[in-house]
Each structure stands twice: as structure tokens, then as C-alpha cells.
file work.cif (mmCIF, C-alpha atoms, pLDDT in the B column; chains and numbers go by the auth columns)
data_entry
loop_
_atom_site.group_PDB
_atom_site.id
_atom_site.type_symbol
_atom_site.label_atom_id
_atom_site.label_comp_id
_atom_site.label_asym_id
_atom_site.label_seq_id
_atom_site.Cartn_x
_atom_site.Cartn_y
_atom_site.Cartn_z
_atom_site.B_iso_or_equiv
_atom_site.auth_seq_id
_atom_site.auth_asym_id
ATOM 1 C CA THR A 1 6.702 4.642 -3.368 49.00 288 A
ATOM 2 C CA GLY A 2 7.854 1.850 -5.635 53.00 289 A
ATOM 3 C CA LYS A 3 10.824 3.866 -6.925 60.00 290 A
ATOM 4 C CA ILE A 4 13.240 1.202 -5.712 65.00 291 A
ATOM 5 C CA ARG A 5 12.974 -1.903 -7.862 68.00 292 A
ATOM 6 C CA SER A 6 13.734 -5.535 -7.097 70.00 293 A
ATOM 7 C CA GLY A 7 17.469 -6.222 -7.195 74.00 294 A
ATOM 8 C CA GLU A 8 18.586 -2.723 -6.253 80.00 295 A
ATOM 9 C CA LYS A 9 21.181 -2.349 -3.511 83.00 296 A
ATOM 10 C CA LEU A 10 20.737 -0.363 -0.295 84.00 297 A
ATOM 11 C CA THR A 11 23.906 0.986 1.331 80.00 298 A
ATOM 12 C CA GLU A 12 24.068 2.120 4.955 82.00 299 A
ATOM 13 C CA GLN A 13 26.679 4.776 4.345 83.00 300 A
ATOM 14 C CA ARG A 14 24.804 6.331 1.425 82.00 301 A
ATOM 15 C CA ILE A 15 21.558 6.434 3.420 82.00 302 A
ATOM 16 C CA CYS A 16 23.294 8.005 6.419 87.00 303 A
ATOM 17 C CA GLU A 17 24.933 10.668 4.269 85.00 304 A
ATOM 18 C CA GLN A 18 21.793 11.424 2.283 80.00 305 A
ATOM 19 C CA TYR A 19 19.558 11.889 5.329 81.00 306 A
ATOM 20 C CA SER A 20 22.140 13.012 7.906 86.00 307 A
ATOM 21 C CA VAL A 21 21.318 10.233 10.351 86.00 308 A
ATOM 22 C CA SER A 22 23.468 7.807 12.326 88.00 309 A
ATOM 23 C CA ARG A 23 23.932 4.172 11.388 86.00 310 A
ATOM 24 C CA THR A 24 21.823 2.847 14.293 88.00 311 A
ATOM 25 C CA PRO A 25 18.324 3.791 12.991 87.00 312 A
ATOM 26 C CA VAL A 26 19.328 2.870 9.440 85.00 313 A
ATOM 27 C CA ARG A 27 20.502 -0.590 10.522 85.00 314 A
ATOM 28 C CA GLU A 28 17.317 -1.073 12.506 87.00 315 A
ATOM 29 C CA ALA A 29 15.225 -0.071 9.485 84.00 316 A
ATOM 30 C CA LEU A 30 17.079 -2.498 7.228 84.00 317 A
ATOM 31 C CA ARG A 31 16.769 -5.320 9.772 85.00 318 A
ATOM 32 C CA GLN A 32 13.052 -4.710 10.030 80.00 319 A
ATOM 33 C CA LEU A 33 12.649 -4.684 6.247 79.00 320 A
ATOM 34 C CA GLU A 34 14.556 -7.965 6.032 81.00 321 A
ATOM 35 C CA THR A 35 12.342 -9.482 8.736 77.00 322 A
ATOM 36 C CA ASP A 36 9.332 -8.418 6.700 69.00 323 A
ATOM 37 C CA GLY A 37 10.772 -10.087 3.606 69.00 324 A
ATOM 38 C CA LEU A 38 11.267 -6.915 1.557 75.00 325 A
ATOM 39 C CA ILE A 39 15.064 -6.999 1.392 82.00 326 A
ATOM 40 C CA GLU A 40 17.771 -9.666 1.526 83.00 327 A
ATOM 41 C CA SER A 41 21.177 -9.180 3.164 82.00 328 A
ATOM 42 C CA ILE A 42 24.041 -10.935 1.379 83.00 329 A
ATOM 43 C CA PRO A 43 27.366 -11.232 3.281 81.00 330 A
ATOM 44 C CA ASN A 44 30.103 -9.015 1.833 76.00 331 A
ATOM 45 C CA ARG A 45 27.660 -7.645 -0.730 80.00 332 A
ATOM 46 C CA GLY A 46 25.000 -5.674 1.153 81.00 333 A
ATOM 47 C CA ALA A 47 21.209 -5.487 1.251 85.00 334 A
ATOM 48 C CA TYR A 48 19.129 -5.910 -1.900 84.00 335 A
ATOM 49 C CA VAL A 49 15.462 -5.213 -2.539 81.00 336 A
ATOM 50 C CA ILE A 50 13.321 -8.326 -3.026 78.00 337 A
ATOM 51 C CA GLY A 51 9.922 -6.768 -3.694 69.00 338 A
ATOM 52 C CA PHE A 52 6.619 -8.637 -3.990 72.00 339 A
ATOM 53 C CA SER A 53 5.890 -11.831 -5.885 74.00 340 A
ATOM 54 C CA SER A 54 2.545 -12.575 -7.492 76.00 341 A
ATOM 55 C CA GLN A 55 1.805 -14.978 -4.630 82.00 342 A
ATOM 56 C CA ASP A 56 2.637 -12.247 -2.097 81.00 343 A
ATOM 57 C CA ILE A 57 0.111 -9.954 -3.734 80.00 344 A
ATOM 58 C CA GLU A 58 -2.529 -12.701 -3.881 85.00 345 A
ATOM 59 C CA ASP A 59 -2.088 -13.488 -0.177 88.00 346 A
ATOM 60 C CA MET A 60 -2.013 -9.826 0.775 87.00 347 A
ATOM 61 C CA TYR A 61 -5.307 -9.115 -0.935 89.00 348 A
ATOM 62 C CA GLN A 62 -6.958 -12.204 0.560 92.00 349 A
ATOM 63 C CA LEU A 63 -6.020 -11.104 4.074 93.00 350 A
ATOM 64 C CA ARG A 64 -6.875 -7.479 3.414 93.00 351 A
ATOM 65 C CA LYS A 65 -10.326 -8.461 2.092 95.00 352 A
ATOM 66 C CA ILE A 66 -11.092 -10.349 5.301 96.00 353 A
ATOM 67 C CA TYR A 67 -10.045 -7.401 7.467 96.00 354 A
ATOM 68 C CA GLU A 68 -11.787 -4.785 5.301 97.00 355 A
ATOM 69 C CA ILE A 69 -15.072 -6.695 5.461 97.00 356 A
ATOM 70 C CA GLN A 70 -14.771 -7.030 9.232 97.00 357 A
ATOM 71 C CA ALA A 71 -13.978 -3.303 9.505 97.00 358 A
ATOM 72 C CA VAL A 72 -17.126 -2.367 7.608 97.00 359 A
ATOM 73 C CA HIS A 73 -19.249 -4.682 9.794 97.00 360 A
ATOM 74 C CA TRP A 74 -17.934 -3.057 12.968 97.00 361 A
ATOM 75 C CA ALA A 75 -18.137 0.438 11.478 97.00 362 A
ATOM 76 C CA ILE A 76 -21.859 0.019 10.819 97.00 363 A
ATOM 77 C CA GLU A 77 -22.375 -1.098 14.418 96.00 364 A
ATOM 78 C CA ARG A 78 -20.207 1.609 15.988 97.00 365 A
ATOM 79 C CA ILE A 79 -19.986 4.628 13.666 97.00 366 A
ATOM 80 C CA THR A 80 -21.000 7.966 15.178 97.00 367 A
ATOM 81 C CA ASP A 81 -23.033 10.633 13.390 97.00 368 A
ATOM 82 C CA GLU A 82 -19.917 12.812 13.188 97.00 369 A
ATOM 83 C CA GLU A 83 -17.876 9.992 11.637 98.00 370 A
ATOM 84 C CA LEU A 84 -20.654 9.316 9.128 98.00 371 A
ATOM 85 C CA ASP A 85 -20.663 13.007 8.162 98.00 372 A
ATOM 86 C CA GLN A 86 -16.880 12.852 7.635 98.00 373 A
ATOM 87 C CA LEU A 87 -17.252 9.759 5.466 98.00 374 A
ATOM 88 C CA GLU A 88 -19.937 11.456 3.353 98.00 375 A
ATOM 89 C CA GLU A 89 -17.803 14.574 2.912 98.00 376 A
ATOM 90 C CA THR A 90 -14.832 12.434 1.898 98.00 377 A
ATOM 91 C CA PHE A 91 -16.905 10.576 -0.686 98.00 378 A
ATOM 92 C CA GLU A 92 -18.081 13.909 -2.119 97.00 379 A
ATOM 93 C CA PHE A 93 -14.438 14.914 -2.554 97.00 380 A
ATOM 94 C CA MET A 94 -13.853 11.625 -4.372 97.00 381 A
ATOM 95 C CA GLU A 95 -16.692 12.514 -6.736 97.00 382 A
ATOM 96 C CA PHE A 96 -15.247 15.980 -7.322 96.00 383 A
ATOM 97 C CA TYR A 97 -11.724 14.818 -8.170 96.00 384 A
ATOM 98 C CA THR A 98 -13.040 11.967 -10.312 96.00 385 A
ATOM 99 C CA MET A 99 -14.967 14.521 -12.397 94.00 386 A
ATOM 100 C CA LYS A 100 -11.764 16.557 -12.698 94.00 387 A
ATOM 101 C CA GLY A 101 -9.790 13.464 -13.699 92.00 388 A
ATOM 102 C CA ASP A 102 -7.223 14.092 -10.945 93.00 389 A
ATOM 103 C CA LYS A 103 -6.017 10.559 -10.200 89.00 390 A
ATOM 104 C CA GLU A 104 -3.460 11.478 -7.540 88.00 391 A
ATOM 105 C CA LYS A 105 -5.866 13.454 -5.368 93.00 392 A
ATOM 106 C CA MET A 106 -8.729 11.049 -5.923 92.00 393 A
ATOM 107 C CA LEU A 107 -6.670 8.036 -4.817 87.00 394 A
ATOM 108 C CA ASN A 108 -5.263 9.900 -1.818 91.00 395 A
ATOM 109 C CA ILE A 109 -8.835 10.647 -0.739 96.00 396 A
ATOM 110 C CA ASN A 110 -9.693 7.013 -1.487 94.00 397 A
ATOM 111 C CA THR A 111 -7.094 6.006 1.115 92.00 398 A
ATOM 112 C CA HIS A 112 -8.598 8.460 3.591 95.00 399 A
ATOM 113 C CA PHE A 113 -12.076 7.021 2.917 97.00 400 A
ATOM 114 C CA HIS A 114 -10.873 3.583 3.984 96.00 401 A
ATOM 115 C CA GLN A 115 -9.049 5.018 6.997 96.00 402 A
ATOM 116 C CA LEU A 116 -12.297 6.597 8.177 97.00 403 A
ATOM 117 C CA ILE A 117 -13.968 3.182 8.021 98.00 404 A
ATOM 118 C CA TYR A 118 -11.090 1.692 10.033 97.00 405 A
ATOM 119 C CA SER A 119 -11.454 4.460 12.590 97.00 406 A
ATOM 120 C CA ALA A 120 -15.236 3.993 12.757 97.00 407 A
ATOM 121 C CA SER A 121 -14.688 0.308 13.607 97.00 408 A
ATOM 122 C CA HIS A 122 -13.242 1.528 16.925 97.00 409 A
ATOM 123 C CA ASN A 123 -10.774 -1.353 16.989 97.00 410 A
ATOM 124 C CA ARG A 124 -7.148 -0.246 17.276 94.00 411 A
ATOM 125 C CA MET A 125 -5.593 -3.577 16.300 94.00 412 A
ATOM 126 C CA LEU A 126 -7.654 -3.727 13.123 95.00 413 A
ATOM 127 C CA GLN A 127 -6.738 -0.121 12.295 93.00 414 A
ATOM 128 C CA HIS A 128 -3.019 -0.918 12.612 90.00 415 A
ATOM 129 C CA LEU A 129 -3.267 -4.065 10.496 90.00 416 A
ATOM 130 C CA LEU A 130 -5.147 -2.336 7.695 93.00 417 A
ATOM 131 C CA ALA A 131 -2.839 0.698 7.805 87.00 418 A
ATOM 132 C CA SER A 132 0.087 -1.643 7.077 83.00 419 A
ATOM 133 C CA TYR A 133 -1.742 -3.139 4.085 83.00 420 A
ATOM 134 C CA GLN A 134 -2.413 0.363 2.744 82.00 421 A
ATOM 135 C CA ILE A 135 1.343 0.997 2.646 75.00 422 A
ATOM 136 C CA TYR A 136 2.022 -2.260 0.808 74.00 423 A
ATOM 137 C CA ILE A 137 -0.744 -1.614 -1.702 74.00 424 A
ATOM 138 C CA LYS A 138 0.588 1.876 -2.461 69.00 425 A
ATOM 139 C CA HIS A 139 3.946 0.274 -3.237 63.00 426 A
ATOM 140 C CA ILE A 140 2.350 -2.178 -5.662 64.00 427 A
ATOM 141 C CA ARG A 141 0.135 0.438 -7.289 60.00 428 A
ATOM 142 C CA THR A 142 2.846 2.806 -8.514 51.00 429 A
ATOM 143 C CA SER A 143 2.192 1.966 -12.188 48.00 430 A
ATOM 144 C CA SER A 144 -1.565 1.492 -12.126 51.00 431 A
ATOM 145 C CA ARG A 145 -3.944 2.829 -14.761 57.00 432 A
ATOM 146 C CA ASN A 146 -4.471 6.512 -15.226 60.00 433 A
ATOM 147 C CA ASP A 147 -7.592 6.746 -17.393 81.00 434 A
ATOM 148 C CA GLN A 148 -11.014 8.201 -16.625 88.00 435 A
ATOM 149 C CA GLU A 149 -12.749 4.831 -16.903 90.00 436 A
ATOM 150 C CA TYR A 150 -10.545 3.514 -14.098 89.00 437 A
ATOM 151 C CA LEU A 151 -11.416 6.468 -11.843 93.00 438 A
ATOM 152 C CA ASN A 152 -15.127 6.075 -12.594 94.00 439 A
ATOM 153 C CA LEU A 153 -15.056 2.378 -11.691 94.00 440 A
ATOM 154 C CA VAL A 154 -13.255 3.041 -8.410 94.00 441 A
ATOM 155 C CA LEU A 155 -15.723 5.811 -7.565 96.00 442 A
ATOM 156 C CA GLU A 156 -18.776 3.609 -8.153 97.00 443 A
ATOM 157 C CA GLU A 157 -17.314 0.841 -6.016 97.00 444 A
ATOM 158 C CA HIS A 158 -16.913 3.326 -3.169 98.00 445 A
ATOM 159 C CA ARG A 159 -20.383 4.729 -3.761 97.00 446 A
ATOM 160 C CA ALA A 160 -21.851 1.268 -3.107 97.00 447 A
ATOM 161 C CA ILE A 161 -19.815 0.964 0.106 98.00 448 A
ATOM 162 C CA PHE A 162 -20.783 4.426 1.344 98.00 449 A
ATOM 163 C CA GLU A 163 -24.495 4.062 0.584 98.00 450 A
ATOM 164 C CA ALA A 164 -24.620 0.710 2.397 97.00 451 A
ATOM 165 C CA ILE A 165 -22.889 2.178 5.448 98.00 452 A
ATOM 166 C CA LYS A 166 -25.201 5.184 5.421 97.00 453 A
ATOM 167 C CA ALA A 167 -28.207 2.824 5.286 97.00 454 A
ATOM 168 C CA ARG A 168 -26.559 0.736 8.030 96.00 455 A
ATOM 169 C CA ASP A 169 -27.012 -2.332 5.839 97.00 456 A
ATOM 170 C CA SER A 170 -24.260 -4.660 7.022 96.00 457 A
ATOM 171 C CA ARG A 171 -24.876 -7.342 4.393 96.00 458 A
ATOM 172 C CA ALA A 172 -24.848 -4.884 1.484 97.00 459 A
ATOM 173 C CA ALA A 173 -21.742 -3.138 2.848 97.00 460 A
ATOM 174 C CA ALA A 174 -19.862 -6.426 3.191 97.00 461 A
ATOM 175 C CA LEU A 175 -20.811 -7.418 -0.372 97.00 462 A
ATOM 176 C CA ALA A 176 -19.803 -4.000 -1.746 97.00 463 A
ATOM 177 C CA MET A 177 -16.453 -4.195 0.053 97.00 464 A
ATOM 178 C CA LYS A 178 -15.846 -7.743 -1.200 96.00 465 A
ATOM 179 C CA ILE A 179 -16.522 -6.654 -4.785 96.00 466 A
ATOM 180 C CA HIS A 180 -14.224 -3.650 -4.383 96.00 467 A
ATOM 181 C CA MET A 181 -11.400 -5.775 -2.923 94.00 468 A
ATOM 182 C CA ASP A 182 -11.742 -8.396 -5.678 93.00 469 A
ATOM 183 C CA HIS A 183 -11.669 -5.747 -8.396 92.00 470 A
ATOM 184 C CA SER A 184 -8.721 -3.981 -6.768 88.00 471 A
ATOM 185 C CA LYS A 185 -6.781 -7.233 -6.654 85.00 472 A
ATOM 186 C CA ASP A 186 -7.505 -7.930 -10.324 84.00 473 A
ATOM 187 C CA ARG A 187 -6.440 -4.427 -11.367 80.00 474 A
ATOM 188 C CA ASP A 188 -3.208 -4.442 -9.385 71.00 475 A
ATOM 189 C CA SER A 189 -2.325 -8.052 -10.263 65.00 476 A
ATOM 190 C CA LYS A 190 -2.475 -7.219 -13.962 60.00 477 A
ATOM 191 C CA VAL A 191 -0.140 -4.280 -13.452 52.00 478 A
ATOM 192 C CA HIS A 192 2.249 -6.379 -11.377 46.00 479 A
ATOM 193 C CA SER A 193 2.283 -9.198 -13.952 46.00 480 A
ATOM 194 C CA PHE A 194 3.231 -6.715 -16.677 41.00 481 A
ATOM 195 C CA ILE A 195 6.094 -5.340 -14.543 43.00 482 A
ATOM 196 C CA VAL A 196 7.324 -8.884 -13.790 45.00 483 A
ATOM 197 C CA LEU A 197 7.400 -9.708 -17.494 44.00 484 A
ATOM 198 C CA GLN A 198 9.563 -6.633 -18.080 45.00 485 A
ATOM 199 C CA GLN A 199 11.903 -7.508 -15.224 46.00 486 A
ATOM 200 C CA ASN A 200 12.296 -11.206 -16.056 48.00 487 A
ATOM 201 C CA SER A 201 14.394 -10.433 -19.122 49.00 488 A
ATOM 202 C CA LYS A 202 16.859 -8.622 -16.883 46.00 489 A
ATOM 203 C CA LYS A 203 17.211 -11.278 -14.169 48.00 490 A
ATOM 204 C CA GLY A 204 20.041 -13.216 -15.778 51.00 491 A
ATOM 205 C CA ARG A 205 22.128 -10.094 -16.195 51.00 492 A
ATOM 206 C CA LEU A 206 21.252 -9.016 -12.669 45.00 493 A
ATOM 207 C CA ARG A 207 22.533 -12.286 -11.143 53.00 494 A
ATOM 208 C CA GLU A 208 25.834 -11.882 -12.991 53.00 495 A
ATOM 209 C CA PHE A 209 26.089 -8.282 -11.855 42.00 496 A
ATOM 210 C CA LEU A 210 25.472 -9.178 -8.186 45.00 497 A
ATOM 211 C CA ALA A 211 28.250 -11.791 -8.356 50.00 498 A
ATOM 212 C CA ARG A 212 30.877 -9.162 -9.139 49.00 499 A
ATOM 213 C CA PRO A 213 33.295 -8.040 -6.396 45.00 500 A
ATOM 214 C CA SER A 214 31.632 -4.659 -6.121 41.00 501 A
ATOM 215 C CA PHE A 215 28.165 -3.374 -6.820 36.00 502 A
ATOM 216 C CA PHE A 216 27.409 0.335 -6.661 37.00 503 A
ATOM 217 C CA SER A 217 24.131 1.353 -5.035 40.00 504 A
ATOM 218 C CA GLU A 218 21.531 3.754 -6.295 41.00 505 A
ATOM 219 C CA PRO A 219 20.255 6.559 -4.024 41.00 506 A
ATOM 220 C CA LEU A 220 17.569 5.458 -1.567 44.00 507 A
ATOM 221 C CA THR A 221 14.191 7.142 -1.766 42.00 508 A
ATOM 222 C CA LEU A 222 12.211 8.287 1.256 46.00 509 A
ATOM 223 C CA PHE A 223 10.119 5.115 1.221 45.00 510 A
ATOM 224 C CA PHE A 224 12.223 2.962 3.516 47.00 511 A
ATOM 225 C CA LEU A 225 12.939 5.549 6.216 47.00 512 A
ATOM 226 C CA TRP A 226 9.323 6.651 6.194 49.00 513 A
ATOM 227 C CA TYR A 227 8.252 3.016 6.317 48.00 514 A
ATOM 228 C CA ARG A 228 10.521 2.334 9.310 48.00 515 A
ATOM 229 C CA ARG A 229 9.557 5.383 11.349 50.00 516 A
ATOM 230 C CA ASN A 230 5.821 5.322 10.740 51.00 517 A
ATOM 231 C CA LEU A 231 4.843 1.685 10.263 45.00 518 A
ATOM 232 C CA PHE A 232 7.210 -0.357 12.363 43.00 519 A
ATOM 233 C CA LEU A 233 7.248 1.984 15.332 44.00 520 A
ATOM 234 C CA MET A 234 3.472 1.738 15.289 45.00 521 A
ATOM 235 C CA LEU A 235 3.283 -2.044 14.969 41.00 522 A
ATOM 236 C CA TYR A 236 6.189 -3.031 17.168 39.00 523 A
#
call {"tool": "encode", "arguments": {"input": "work.cif", "output": "C-alpha cells"}}
result
Amino acid sequence: TGKIRSGEKLTEQRICEQYSVSRTPVREALRQLETDGLIESIPNRGAYVIGFSSQDIEDMYQLRKIYEIQAVHWAIERITDEELDQLEETFEFMEFYTMKGDKEKMLNINTHFHQLIYSASHNRMLQHLLASYQIYIKHIRTSSRNDQEYLNLVLEEHRAIFEAIKARDSRAAALAMKIHMDHSKDRDSKVHSFIVLQQNSKKGRLREFLARPSFFSEPLTLFFLWYRRNLFLMLY
């Protein structure tokens, strides 16, 4: 969800008490997050959120673009009439909520639009890989733009993808997906750069604070437990 910022502390006991769970699944979740590079465990201090660097985001989008383009190629080859009808209905909902200016619903349906393409590729490994990227991107996007122009641009990018799939034009679909991925990266990178600039001024104070004998944690949001139970159980 992005509610936990870089440098924040995660405490086992607080998580266990907040969600009424034992230490075992919480420890496993924290270990998995550390393995994935999202938190850092410091002896005698605890686990702290690392977050994403600009290079992380750049690499993530490069990999996601490759997989998204492959997904659309396979979807055109393998999509059923029923799946195509579902994709068309989903795009129509995107149009509706764009006209209403409802960013939250439009972007949720946007995610579903991509998931339908993954499903239509009929490749389980690719579906799992792209599902993991969707979770990361949602984390990055928590402060993205909220204006009508932004929604209109996103809608038109998806219109080009949908129309190419409907026409079963693999080359046009790949180009439309590449353009969409490049634009998405640019939009989210700008947001991330702005957040980094805000956080940089606090880093010196944060390092001093972490060096103190005790550091009190903030409450953990649902993101990490949800991430552990739904993503890592699926991938591992």
C-alpha cells in the first residue's frame, strides 16, 4: 500500500498483537521480505523498511515491459472468444469510470485488464511473474497523479492495446504495450523522484535516530502480511 515508508521499523511483537497471529508466520514473512530486498534486519535493533531505489524501479519496469509484451503476443495466439468478451467488458468499465473521474475504481479495473491478458496467455509462470510486478507497482504508485488528463491518457493507452488484441494484430499490440509501459515508467519515476527528494532531507536525522539504544516502531499496515500470504505462497 505504500503506507510504510523507508526507514520505518517493523516489530514482531507488535505485528503479532495487532493481527492475533503467532510469531512463526510473522518471522517467515519478514525473512521473505528481507530476501526480496524490501527490509533490512539489524542485530539488536530490528527490521527496517528499505523500499525501492530509482534503479530498482528502472529495472522493474524494464523486466515488466519484456514480460507484458510477451503476454500480449501469447494472448493474441491463444485468447478464447469468452476471454476476449471479458476483456472488452473490462475496457468498457475503464471508459465509464474515466468519464466519472473515479481514479481508484478505474485503476483497479486497469489492473484487472492486465490480469485478463496474463490469463489469456495461458502460461502460468508468466502469470505469476507479472502478478508479482503488479504488487510492486501498486506500492510505488501510492502518490501518483489524480487529474482527469492522467486518467484520459491511461485510458487511450489501453484502448490501443485492446483494439490491437481484438484485431489479433500482434505487432500493433506489442507496440501499444511498449508505449504504455514506457509511459507508465515515466509517470511513476517522476513521482518516485519527488518522494526521494522529500525523504533525502530526513536521512541524516534518521541515521542518528536508528543509532539510539531504542527505536519505537509504528503500527504495521496490512501490506506485509497480505504480501506474504498471497504473493510468496504463490511463488514459492
call {"tool": "residues_near_point", "arguments": {"input": "work.cif", "point": "(-17.7, 10.2, 9.1)", "cutoff": "10 Å", "atoms": "all atoms listed in the file", "output": "PyMOL selection string"}}
result
chain A and resi 366-378+400+403-404+406-407+453
call {"tool": "atom_distance", "arguments": {"input": "work.cif", "atom1": "CA of Glu327 (chain A)", "atom2": "CA of His415 (chain A)"}}
result
25.1 Å
call {"tool": "resolve_selection", "arguments": {"input": "work.cif", "expression": "the PyMOL selection byres ((chain A and resi 336-350) around 6)", "output": "PyMOL selection string"}}
result
chain A and resi 293-295+325-326+335+351-353
call {"tool": "closest_residue", "arguments": {"input": "work.cif", "among": "A:Ser419, A:Gln305, A:Ser408, A:Thr322", "to": "Glu364 (chain A)", "atoms": "only C-alpha atoms"}}
result
A:Ser408
call {"tool": "atom_distance", "arguments": {"input": "work.cif", "atom1": "CA of Ala461 (chain A)", "atom2": "CA of Ile356 (chain A)"}}
result
5.3 Å
call {"tool": "atom_distance", "arguments": {"input": "work.cif", "atom1": "CA of Leu442 (chain A)", "atom2": "CA of Gln421 (chain A)"}}
result
17.7 Å
call {"tool": "resolve_selection", "arguments": {"input": "work.cif", "expression": "the PyMOL selection byres ((chain A and resi 465) around 10)", "output": "list in words"}}
result
Lys352, Ile353, Glu355, Ile356, Glu444, Ile448, Ala459, Ala460, Ala461, Leu462, Ala463, Met464, Ile466, His467, Met468, Asp469, His470 and Ser471 of chain A
call {"tool": "write_last_selection", "arguments": {"input": "work.cif", "atoms": "C-alpha atoms", "output": "compact mmCIF listing (two decimals), in the frame of the given file"}}
result
# COMPACT_ATOMS: atom_id res chain seq x y z
CA LYS A 352 -10.33 -8.46 2.09
CA ILE A 353 -11.09 -10.35 5.30
CA GLU A 355 -11.79 -4.78 5.30
CA ILE A 356 -15.07 -6.70 5.46
CA GLU A 444 -17.31 0.84 -6.02
CA ILE A 448 -19.82 0.96 0.11
CA ALA A 459 -24.85 -4.88 1.48
CA ALA A 460 -21.74 -3.14 2.85
CA ALA A 461 -19.86 -6.43 3.19
CA LEU A 462 -20.81 -7.42 -0.37
CA ALA A 463 -19.80 -4.00 -1.75
CA MET A 464 -16.45 -4.20 0.05
CA ILE A 466 -16.52 -6.65 -4.78
CA HIS A 467 -14.22 -3.65 -4.38
CA MET A 468 -11.40 -5.78 -2.92
CA ASP A 469 -11.74 -8.40 -5.68
CA HIS A 470 -11.67 -5.75 -8.40
CA SER A 471 -8.72 -3.98 -6.77
call {"tool": "residues_around", "arguments": {"input": "work.cif", "residues": "Lys390 (chain A)", "least_positions_apart": "4", "cutoff": "9 Å", "atoms": "all atoms listed in the file", "output": "PyMOL selection string"}}
result
chain A and resi 384-385+394-395+433-435+438
call {"tool": "closest_residue", "arguments": {"input": "work.cif", "among": "A:Asp473, A:Glu391, A:Glu382, A:Glu304", "to": "Arg446 (chain A)", "atoms": "all atoms listed in the file"}}
result
A:Glu382
call {"tool": "axis_aligned_box", "arguments": {"input": "work.cif", "around": "region 370-384 of chain A", "padding_each_side": "4 Å", "output": "JSON"}}
result
{"center_x": -16.2, "center_y": 12.6, "center_z": 1.7, "size_x": 16.9, "size_y": 14.7, "size_z": 27.8}
call {"tool": "closest_residue", "arguments": {"input": "work.cif", "among": "A:Arg310, A:Asp475, A:Ile363, A:Pro330", "to": "Ala454 (chain A)", "atoms": "all atoms listed in the file"}}
result
A:Ile363
call {"tool": "resolve_selection", "arguments": {"input": "work.cif", "expression": "the PyMOL selection byres ((chain A and resi 298-303) around 8)", "output": "PyMOL selection string"}}
result
chain A and resi 296-297+304-310+313-314+333-334+504+506-507
